[in-house]
>>> print(open('protein_11.txt').read())   # compact mmCIF, C-alpha atoms
# COMPACT_ATOMS: atom_id res chain seq x y z
CA MET T 1 -85.44 269.98 79.60
CA ALA T 2 -88.18 270.81 77.08
CA ASN T 3 -90.25 267.75 78.01
CA SER T 4 -89.99 268.53 81.73
CA ALA T 5 -91.17 272.11 81.14
CA VAL T 6 -94.20 270.90 79.22
CA ALA T 7 -94.94 268.22 81.80
CA SER T 8 -94.71 270.79 84.60
CA ALA T 9 -97.21 273.04 82.86
CA VAL T 10 -99.60 270.17 82.16
CA THR T 11 -99.54 268.95 85.76
CA GLN T 12 -99.85 272.42 87.31
CA PRO T 13 -102.62 271.99 89.90
CA ARG T 14 -105.61 274.28 89.58
CA PRO T 15 -109.38 273.88 89.75
CA HIS T 16 -111.41 273.56 86.59
CA PRO T 17 -112.31 277.21 85.87
CA LEU T 18 -115.91 276.58 84.88
CA ALA T 19 -116.61 274.19 87.74
CA VAL T 20 -116.27 276.75 90.54
CA HIS T 21 -116.41 280.15 88.80
CA PRO T 22 -113.23 281.42 90.45
CA LEU T 23 -112.78 285.09 91.23
CA ILE T 24 -111.29 287.08 88.33
CA SER T 25 -109.50 290.31 89.18
CA VAL T 26 -109.48 292.87 86.37
CA VAL T 27 -106.54 295.26 86.67
CA ILE T 28 -107.05 298.65 84.99
CA PRO T 29 -104.11 301.08 85.02
CA CYS T 30 -105.30 304.66 84.54
CA TYR T 31 -103.37 307.80 83.75
CA ASN T 32 -105.35 310.90 82.70
CA ALA T 33 -108.06 308.80 81.05
CA ARG T 34 -111.10 310.51 82.54
CA ALA T 35 -112.75 310.76 79.10
CA TYR T 36 -112.63 307.01 78.52
CA VAL T 37 -112.27 305.09 81.77
CA ALA T 38 -115.99 304.93 82.57
CA ALA T 39 -116.66 303.16 79.26
CA ALA T 40 -113.83 300.72 79.97
CA ILE T 41 -115.27 299.92 83.40
CA ARG T 42 -118.78 299.43 82.03
CA SER T 43 -117.41 296.97 79.47
CA VAL T 44 -116.05 294.90 82.36
CA LEU T 45 -119.28 295.12 84.34
CA ALA T 46 -121.11 293.86 81.24
CA GLN T 47 -119.20 290.56 81.34
CA ASP T 48 -121.32 287.51 82.16
CA TRP T 49 -118.95 286.16 84.81
CA PRO T 50 -120.46 285.89 88.29
CA ASP T 51 -117.40 286.59 90.43
CA LEU T 52 -115.44 289.68 89.39
CA GLU T 53 -113.47 292.43 91.08
CA ILE T 54 -112.05 295.52 89.40
CA VAL T 55 -108.78 296.92 90.71
CA LEU T 56 -108.23 300.34 89.18
CA VAL T 57 -104.77 301.79 89.75
CA ASP T 58 -104.67 305.54 89.23
CA ASP T 59 -101.09 306.35 88.24
CA GLY T 60 -100.92 309.92 89.49
CA SER T 61 -103.59 311.33 87.15
CA SER T 62 -104.04 315.10 87.11
CA ASP T 63 -107.43 315.10 85.33
CA GLN T 64 -109.54 313.93 88.29
CA SER T 65 -109.87 310.40 86.97
CA ALA T 66 -109.80 309.08 90.55
CA GLU T 67 -112.59 311.42 91.61
CA LEU T 68 -114.77 310.24 88.73
CA ILE T 69 -114.25 306.61 89.77
CA ARG T 70 -114.90 307.32 93.42
CA GLU T 71 -118.15 309.15 92.67
CA ASN T 72 -119.58 306.90 89.98
CA PHE T 73 -118.21 303.42 90.69
CA PRO T 74 -118.08 302.98 94.48
CA GLY T 75 -117.80 299.18 94.17
CA ILE T 76 -114.43 299.37 92.46
CA ARG T 77 -111.20 298.96 94.40
CA LEU T 78 -109.44 302.24 93.69
CA VAL T 79 -105.69 302.27 94.31
CA GLN T 80 -103.80 305.55 93.94
CA GLN T 81 -100.06 305.92 93.45
CA ALA T 82 -97.61 308.61 92.42
CA ASN T 83 -96.95 308.54 88.69
CA ALA T 84 -94.60 305.63 88.00
CA GLY T 85 -95.67 304.30 84.60
CA VAL T 86 -98.00 301.64 83.31
CA ALA T 87 -95.78 298.69 84.27
CA ALA T 88 -95.62 299.82 87.90
CA ALA T 89 -99.38 300.45 87.90
CA ARG T 90 -100.15 296.97 86.60
CA ASN T 91 -97.73 295.43 89.11
CA ASN T 92 -99.47 297.30 91.91
CA GLY T 93 -102.78 296.00 90.64
CA ILE T 94 -101.50 292.42 90.60
CA ALA T 95 -100.27 292.83 94.17
CA GLN T 96 -103.66 294.19 95.26
CA ALA T 97 -105.73 291.61 93.35
CA ARG T 98 -107.52 288.89 95.30
CA GLY T 99 -108.57 286.78 92.34
CA GLU T 100 -107.24 283.39 91.32
CA TRP T 101 -107.20 284.71 87.76
CA ILE T 102 -106.00 288.14 86.67
CA ALA T 103 -107.05 290.04 83.55
CA PHE T 104 -105.84 293.37 82.19
CA LEU T 105 -107.63 296.23 80.48
CA ASP T 106 -106.18 299.65 79.71
CA ALA T 107 -108.38 302.56 80.73
CA ASP T 108 -109.04 303.71 77.17
CA ASP T 109 -109.86 300.30 75.69
CA ILE T 110 -113.10 298.31 75.56
CA TRP T 111 -114.08 294.69 76.14
CA LEU T 112 -116.96 293.07 74.29
CA PRO T 113 -119.55 290.95 76.13
CA GLY T 114 -118.63 287.30 76.58
CA LYS T 115 -114.85 287.79 76.59
CA LEU T 116 -114.04 286.28 79.97
CA ARG T 117 -116.44 283.36 79.62
CA ALA T 118 -114.99 282.45 76.20
CA GLN T 119 -111.46 282.50 77.61
CA MET T 120 -112.34 280.46 80.68
CA ALA T 121 -114.12 277.89 78.53
CA LEU T 122 -111.03 277.51 76.34
CA LEU T 123 -108.71 277.27 79.33
CA GLY T 124 -110.97 274.73 81.00
CA ALA T 125 -110.86 272.55 77.90
CA THR T 126 -107.04 272.63 77.73
CA PRO T 127 -105.31 270.89 80.68
CA GLY T 128 -102.25 272.77 81.88
CA ALA T 129 -102.93 276.04 80.10
CA ARG T 130 -102.77 279.04 82.44
CA MET T 131 -102.98 282.00 80.09
CA SER T 132 -105.24 283.18 77.29
CA TYR T 133 -105.67 286.19 75.02
CA THR T 134 -108.18 287.05 72.33
CA ALA T 135 -108.30 288.61 68.91
CA TRP T 136 -109.01 292.33 68.86
CA GLN T 137 -110.14 295.14 66.59
CA VAL T 138 -108.25 298.41 66.19
CA TRP T 139 -110.72 301.24 66.80
CA ALA T 140 -109.75 304.76 65.75
CA SER T 141 -112.09 307.00 67.71
CA LEU T 142 -112.29 309.76 70.30
CA ASP T 143 -115.79 308.71 71.33
CA PRO T 144 -116.01 307.25 74.85
CA ALA T 145 -117.78 304.12 73.57
CA PRO T 146 -118.71 302.64 70.19
CA SER T 147 -122.14 303.15 68.66
CA PRO T 148 -124.57 300.20 68.49
CA ASP T 149 -124.07 300.13 64.71
CA TYR T 150 -120.35 299.59 65.19
CA PHE T 151 -120.99 296.55 67.39
CA VAL T 152 -123.43 295.15 64.83
CA GLU T 153 -120.91 295.56 62.01
CA LEU T 154 -118.14 293.93 64.05
CA ALA T 155 -120.41 291.06 65.08
CA SER T 156 -121.16 290.38 61.42
CA ARG T 157 -117.45 289.65 60.87
CA SER T 158 -116.68 287.97 64.18
CA GLY T 159 -117.96 284.57 63.12
CA ASN T 160 -115.37 284.29 60.36
CA GLN T 161 -112.54 282.86 62.45
CA ALA T 162 -110.20 282.86 59.45
CA LEU T 163 -110.04 286.65 59.85
CA TRP T 164 -109.00 286.39 63.49
CA THR T 165 -106.68 283.41 63.77
CA GLY T 166 -103.27 283.82 65.36
CA ALA T 167 -100.59 282.13 67.41
CA SER T 168 -101.93 279.76 70.05
CA GLY T 169 -100.30 277.17 72.33
CA TRP T 170 -96.57 277.15 72.99
CA ILE T 171 -95.99 280.43 71.17
CA TYR T 172 -92.44 281.32 72.22
CA PRO T 173 -91.16 281.10 68.58
CA GLN T 174 -93.90 283.47 67.36
CA LEU T 175 -93.18 285.90 70.19
CA LEU T 176 -89.55 286.12 69.07
CA LEU T 177 -90.88 287.56 65.80
CA ASP T 178 -93.45 289.97 67.18
CA CYS T 179 -95.52 290.78 70.26
CA VAL T 180 -98.57 288.84 69.08
CA VAL T 181 -100.30 289.12 72.48
CA TRP T 182 -102.14 292.34 73.33
CA THR T 183 -102.23 293.10 77.04
CA SER T 184 -105.84 294.34 77.19
CA THR T 185 -106.99 290.86 76.15
CA VAL T 186 -104.86 288.81 78.58
CA LEU T 187 -106.29 286.53 81.25
CA ALA T 188 -103.76 284.57 83.33
CA HIS T 189 -103.68 282.42 86.43
CA ARG T 190 -101.95 284.26 89.25
CA SER T 191 -99.42 281.40 89.56
CA VAL T 192 -97.90 282.59 86.26
CA PHE T 193 -96.77 285.84 87.90
CA ALA T 194 -95.53 283.97 90.95
CA GLU T 195 -93.27 281.87 88.72
CA VAL T 196 -91.99 284.31 86.09
CA GLY T 197 -92.39 287.64 87.86
CA ARG T 198 -94.34 290.73 86.88
CA PHE T 199 -93.86 293.57 84.41
CA ASP T 200 -90.34 295.00 84.17
CA ASN T 201 -90.86 298.64 85.12
CA THR T 202 -87.40 299.57 83.82
CA LEU T 203 -88.78 299.14 80.28
CA ARG T 204 -90.63 302.18 78.96
CA ILE T 205 -91.94 300.15 76.01
CA GLY T 206 -92.01 296.39 75.57
CA GLU T 207 -92.64 295.54 79.24
CA ASP T 208 -95.66 293.48 78.18
CA TRP T 209 -93.76 291.68 75.40
CA ASP T 210 -91.01 290.82 77.88
CA LEU T 211 -93.52 289.32 80.32
CA TRP T 212 -95.32 287.26 77.68
CA LEU T 213 -91.99 285.84 76.51
CA ARG T 214 -91.30 284.72 80.08
CA ALA T 215 -94.81 283.31 80.44
CA SER T 216 -94.48 281.40 77.17
CA ARG T 217 -91.70 279.33 78.79
CA ILE T 218 -94.04 277.82 81.41
CA THR T 219 -97.52 277.64 79.88
CA PRO T 220 -99.33 277.41 76.57
CA ILE T 221 -100.89 280.78 75.71
CA LEU T 222 -104.25 280.15 74.09
CA ARG T 223 -105.88 282.52 71.61
CA VAL T 224 -109.64 282.96 71.29
CA SER T 225 -110.11 283.69 67.59
CA VAL T 226 -112.96 286.15 68.10
CA PRO T 227 -112.44 289.93 68.48
CA TYR T 228 -113.47 290.43 72.09
CA ALA T 229 -111.73 293.78 72.61
CA LEU T 230 -111.31 297.17 70.97
CA TYR T 231 -107.86 298.71 70.86
CA ARG T 232 -108.37 302.45 70.80
CA MET T 233 -106.16 304.54 68.56
CA HIS T 234 -106.23 308.25 69.40
CA PRO T 235 -103.86 311.24 69.53
CA ALA T 236 -102.59 310.29 72.98
CA SER T 237 -101.41 306.89 71.77
CA ILE T 238 -97.65 306.21 71.67
CA THR T 239 -96.32 307.10 68.21
CA ARG T 240 -93.16 306.29 66.35
CA SER T 241 -91.11 308.94 68.08
CA ALA T 242 -87.36 308.65 68.38
CA LEU T 243 -86.98 306.46 71.45
CA GLU T 244 -83.78 306.38 73.43
CA ALA T 245 -83.44 302.61 73.03
CA ASN T 246 -84.55 299.90 70.63
CA PHE T 247 -86.84 297.99 72.96
CA ARG T 248 -87.56 295.26 70.41
CA SER T 249 -83.87 294.40 70.23
CA LEU T 250 -83.53 294.61 74.00
CA VAL T 251 -86.51 292.39 74.81
CA VAL T 252 -86.00 289.78 72.10
CA GLY T 253 -82.24 289.76 72.51
CA ARG T 254 -82.61 289.13 76.23
CA ALA T 255 -84.95 286.21 75.55
CA ILE T 256 -82.64 284.64 72.98
CA GLY T 257 -79.67 285.03 75.30
CA ARG T 258 -81.55 283.22 78.05
CA TRP T 259 -83.50 280.53 76.17
CA GLY T 260 -82.28 280.49 72.58
CA TYR T 261 -84.71 279.82 69.75
CA LYS T 262 -86.34 276.62 71.05
CA SER T 263 -89.77 276.47 72.67
CA PRO T 264 -90.52 274.16 75.63
CA ASP T 265 -92.62 271.94 73.35
CA GLY T 266 -89.65 271.39 71.01
CA SER T 267 -90.65 273.76 68.21
CA VAL T 268 -87.91 276.11 67.04
CA ALA T 269 -88.06 279.63 65.66
CA ASN T 270 -86.46 280.18 62.26
CA ARG T 271 -83.29 282.18 62.96
CA SER T 272 -83.40 283.92 59.60
CA ASP T 273 -86.95 285.12 60.27
CA VAL T 274 -85.99 286.34 63.74
CA ASN T 275 -82.92 288.13 62.39
CA LEU T 276 -85.00 289.78 59.66
CA ALA T 277 -87.53 290.97 62.25
CA LEU T 278 -84.70 292.38 64.37
CA ALA T 279 -83.19 294.06 61.32
CA LYS T 280 -86.52 295.69 60.45
CA GLY T 281 -86.81 296.88 64.04
CA TRP T 282 -83.38 298.50 63.86
CA SER T 283 -84.26 300.06 60.50
CA GLU T 284 -87.47 301.60 61.92
CA PHE T 285 -85.57 302.78 64.98
CA GLY T 286 -82.95 304.36 62.76
CA GLY T 287 -85.60 305.97 60.56
CA ALA T 288 -87.16 307.68 63.56
CA HIS T 289 -83.76 309.07 64.54
CA LEU T 290 -83.16 310.30 61.00
CA THR T 291 -86.40 312.26 61.23
CA ALA T 292 -85.23 313.69 64.54
CA ALA T 293 -81.84 314.55 63.00
CA ASN T 294 -80.04 312.26 65.44
CA PHE T 295 -77.65 311.10 62.76
CA SER T 296 -75.10 309.33 64.95
CA GLN T 297 -77.85 307.23 66.53
CA ALA T 298 -79.31 306.54 63.09
CA PHE T 299 -75.87 305.44 61.85
CA ARG T 300 -75.52 302.94 64.72
CA ALA T 301 -79.03 301.65 64.06
CA GLY T 302 -78.28 301.18 60.37
CA LEU T 303 -75.18 299.17 61.22
CA ALA T 304 -77.16 297.04 63.66
CA ALA T 305 -79.81 296.39 60.99
CA ILE T 306 -77.19 295.24 58.51
CA ARG T 307 -75.50 293.05 61.09
CA ALA T 308 -78.83 291.39 61.85
CA ASP T 309 -79.67 290.84 58.17
CA TRP T 310 -77.39 292.31 55.52
CA THR T 311 -80.01 291.73 52.79
CA LEU T 312 -82.47 294.26 54.22
CA PHE T 313 -82.46 297.22 51.84
CA SER T 314 -84.00 299.63 54.35
CA GLY T 315 -81.05 299.02 56.69
CA TRP T 316 -78.60 300.13 54.02
CA LYS T 317 -80.87 303.08 53.24
CA VAL T 318 -80.82 304.25 56.87
CA LEU T 319 -77.04 303.86 56.96
CA ALA T 320 -76.56 305.86 53.76
CA LYS T 321 -78.88 308.66 54.84
CA SER T 322 -77.21 308.90 58.24
CA ILE T 323 -73.94 309.65 56.42
CA LEU T 324 -75.23 311.84 53.60
CA LEU T 325 -77.86 313.96 55.33
CA PRO T 326 -75.43 315.72 57.70
CA VAL T 327 -73.23 316.58 54.70
CA TRP T 328 -76.18 317.98 52.73
CA ARG T 329 -77.33 320.00 55.71
CA LYS T 330 -73.88 321.60 55.99
CA VAL T 331 -73.86 322.39 52.27
CA LEU T 332 -77.31 323.96 52.42
CA LEU T 333 -76.36 326.03 55.42
>>> encode(input="protein_11.txt", output="structure tokens")
Amino acid sequence: MANSAVASAVTQPRPHPLAVHPLISVVIPCYNARAYVAAAIRSVLAQDWPDLEIVLVDDGSSDQSAELIRENFPGIRLVQQANAGVAAARNNGIAQARGEWIAFLDADDIWLPGKLRAQMALLGATPGARMSYTAWQVWASLDPAPSPDYFVELASRSGNQALWTGASGWIYPQLLLDCVVWTSTVLAHRSVFAEVGRFDNTLRIGEDWDLWLRASRITPILRVSVPYALYRMHPASITRSALEANFRSLVVGRAIGRWGYKSPDGSVANRSDVNLALAKGWSEFGGAHLTAANFSQAFRAGLAAIRADWTLFSGWKVLAKSILLPVWRKVLL
């Protein structure tokens, strides 16, 4: 079964990407990102790839993001929908895209020049590979775009690939441990979505991780070890709030239930490492619910952490606090 999956990926018919410069569709979901979306678009337009289209899906913005796009970027394909979430917006963009290859960029993130060409070169040199991502730099800023000095400083470190290496190839085992692929760096052949489906819009968080796990079953996922994107951190970013579900456990557990721990190329994830990662996820989930005073949820999370890996101290800590804190609160009251 593993050999047939690898053989299928290797023999997947597609033209050499650098031979014909196929159309790349860049899907940008946008929700109330008027302050940043123009910079994101310009970073795409600065790419040295001759055949590009931008499909911007406005997900029910109330800040006139769509009007800004319509007035300043008339060449962009603007798609508007009622607010349905980022997964639905990306799926709409995939459906609207005309390109043979599809890339993603969130409306508040930035690409660096040369990103697409570097990815297409790597894909063209690797028969059978249909998906790539790149290294990235976390950028904590409210500025629409970086200063020239920032680019110079980043470029000075970009050549040291040891700083930017990561999982590449048949990376299913690594994805069981963590979501090592960042969506705003992804470039994939549209056949990938035809085979494994699109983003699961029932997942509030982890919809990208879920999709990359599915993709990792049919194609190598190649990493360009150069930071070709900036991941913006700002006050509107998702924080460690008390979520209603542990999406790490849901996404990874679903993958293990379907495919186990073995990758199509025969490599196998270490179960102890996966269990420890799941335990840490439950511990963090429980910690957030402790902060929110949801003690029964924290108690269940602590138990789940211990069941996943009984040696994790933070799991026991969450469990103990979930029992003791309600008692102390009653005493203090």
>>> residues_around(input="protein_11.txt", residues="Ser225 (chain T)", least_positions_apart="6", cutoff="10 Å", atoms="all atoms listed in the file", output="PyMOL selection string")
chain T and resi 118+133-136+158-168
>>> residues_around(input="protein_11.txt", residues="Ala293 (chain T)", least_positions_apart="3", cutoff="9 Å", atoms="all atoms listed in the file", output="ChimeraX atom specification")
/T:288-290,296,298,322,325-326
>>> write_last_selection(input="protein_11.txt", atoms="C-alpha atoms", output="compact mmCIF listing (two decimals), keeping the file's coordinate frame")
# COMPACT_ATOMS: atom_id res chain seq x y z
CA ALA T 288 -87.16 307.68 63.56
CA HIS T 289 -83.76 309.07 64.54
CA LEU T 290 -83.16 310.30 61.00
CA SER T 296 -75.10 309.33 64.95
CA ALA T 298 -79.31 306.54 63.09
CA SER T 322 -77.21 308.90 58.24
CA LEU T 325 -77.86 313.96 55.33
CA PRO T 326 -75.43 315.72 57.70
>>> closest_residue(input="protein_11.txt", among="T:Ala121, T:Ala255, T:Ala66, T:Leu112", to="Gln47 (chain T)", atoms="only C-alpha atoms")
T:Leu112
>>> closest_residue(input="protein_11.txt", among="T:Asn83, T:Ser25, T:Asn275, T:Ser156", to="Leu176 (chain T)", atoms="all atoms listed in the file")
T:Asn275
>>> residues_near_point(input="protein_11.txt", point="(-111.9, 295.4, 85.6)", cutoff="9 Å", atoms="only C-alpha atoms", output="PDB file with C-alpha atoms, keeping the file's coordinate frame")
ATOM      1  CA  ILE T  24    -111.290 287.080  88.330  1.00  0.00           C
ATOM      2  CA  SER T  25    -109.500 290.310  89.180  1.00  0.00           C
ATOM      3  CA  VAL T  26    -109.480 292.870  86.370  1.00  0.00           C
ATOM      4  CA  VAL T  27    -106.540 295.260  86.670  1.00  0.00           C
ATOM      5  CA  ILE T  28    -107.050 298.650  84.990  1.00  0.00           C
ATOM      6  CA  ALA T  40    -113.830 300.720  79.970  1.00  0.00           C
ATOM      7  CA  ILE T  41    -115.270 299.920  83.400  1.00  0.00           C
ATOM      8  CA  ARG T  42    -118.780 299.430  82.030  1.00  0.00           C
ATOM      9  CA  SER T  43    -117.410 296.970  79.470  1.00  0.00           C
ATOM     10  CA  VAL T  44    -116.050 294.900  82.360  1.00  0.00           C
ATOM     11  CA  LEU T  45    -119.280 295.120  84.340  1.00  0.00           C
ATOM     12  CA  LEU T  52    -115.440 289.680  89.390  1.00  0.00           C
ATOM     13  CA  GLU T  53    -113.470 292.430  91.080  1.00  0.00           C
ATOM     14  CA  ILE T  54    -112.050 295.520  89.400  1.00  0.00           C
ATOM     15  CA  VAL T  55    -108.780 296.920  90.710  1.00  0.00           C
ATOM     16  CA  LEU T  56    -108.230 300.340  89.180  1.00  0.00           C
ATOM     17  CA  ILE T  76    -114.430 299.370  92.460  1.00  0.00           C
ATOM     18  CA  ALA T 103    -107.050 290.040  83.550  1.00  0.00           C
ATOM     19  CA  PHE T 104    -105.840 293.370  82.190  1.00  0.00           C
ATOM     20  CA  LEU T 105    -107.630 296.230  80.480  1.00  0.00           C
TER      21      LEU T 105
END
>>> residues_around(input="protein_11.txt", residues="Tyr172 (chain T)", least_positions_apart="2", cutoff="7 Å", atoms="all atoms listed in the file", output="list in words")
Trp170, Gln174, Leu175, Leu176, Leu213, Ser216, Arg217 and Ser263 of chain T
>>> closest_residue(input="protein_11.txt", among="T:Lys330, T:Arg254, T:Arg117, T:Arg214", to="Ile171 (chain T)", atoms="only C-alpha atoms")
T:Arg214
>>> closest_residue(input="protein_11.txt", among="T:Ala145, T:Met120, T:Ala125, T:Leu319", to="Pro22 (chain T)", atoms="all atoms listed in the file")
T:Met120
>>> residues_around(input="protein_11.txt", residues="Ser132 (chain T)", least_positions_apart="5", cutoff="6 Å", atoms="all atoms listed in the file", output="short mmCIF file (atom, residue, chain, number, x, y, z; two decimals) with C-alpha atoms, in the frame of the given file")
data_model
loop_
_atom_site.label_atom_id
_atom_site.label_comp_id
_atom_site.auth_asym_id
_atom_site.auth_seq_id
_atom_site.Cartn_x
_atom_site.Cartn_y
_atom_site.Cartn_z
CA VAL T 186 -104.86 288.81 78.58
CA LEU T 187 -106.29 286.53 81.25
CA ILE T 221 -100.89 280.78 75.71
CA LEU T 222 -104.25 280.15 74.09
CA ARG T 223 -105.88 282.52 71.61
#
>>> atom_distance(input="protein_11.txt", atom1="CA of Val192 (chain T)", atom2="CA of Val37 (chain T)")
27.1 Å
>>> closest_residue(input="protein_11.txt", among="T:Asp200, T:Asp48, T:Asp208, T:Glu100", to="Lys115 (chain T)", atoms="all atoms listed in the file")
T:Asp48
>>> atom_distance(input="protein_11.txt", atom1="CA of Val318 (chain T)", atom2="CA of Phe299 (chain T)")
7.1 Å
>>> closest_residue(input="protein_11.txt", among="T:Glu244, T:Asp106, T:Asp265, T:Asp273", to="Gln297 (chain T)", atoms="all atoms listed in the file")
T:Glu244
>>> atom_distance(input="protein_11.txt", atom1="CA of Ser184 (chain T)", atom2="CA of Lys262 (chain T)")
27.1 Å
>>> residues_around(input="protein_11.txt", residues="Arg271 (chain T)", least_positions_apart="3", cutoff="10 Å", atoms="all atoms listed in the file", output="ChimeraX atom specification")
/T:173,176-177,260-261,268,274-277
>>> axis_aligned_box(input="protein_11.txt", around="region 249-254 of chain T", padding_each_side="6 Å", output="JSON")
{"center_x": -84.4, "center_y": 291.9, "center_z": 73.2, "size_x": 16.3, "size_y": 17.5, "size_z": 18.0}
>>> residues_near_point(input="protein_11.txt", point="(-103.7, 295.2, 96.2)", cutoff="12 Å", atoms="only C-alpha atoms", output="JSON, numbers by chain")
{"T": [25, 26, 27, 53, 54, 55, 56, 57, 77, 78, 79, 80, 81, 89, 90, 91, 92, 93, 94, 95, 96, 97, 98, 99]}
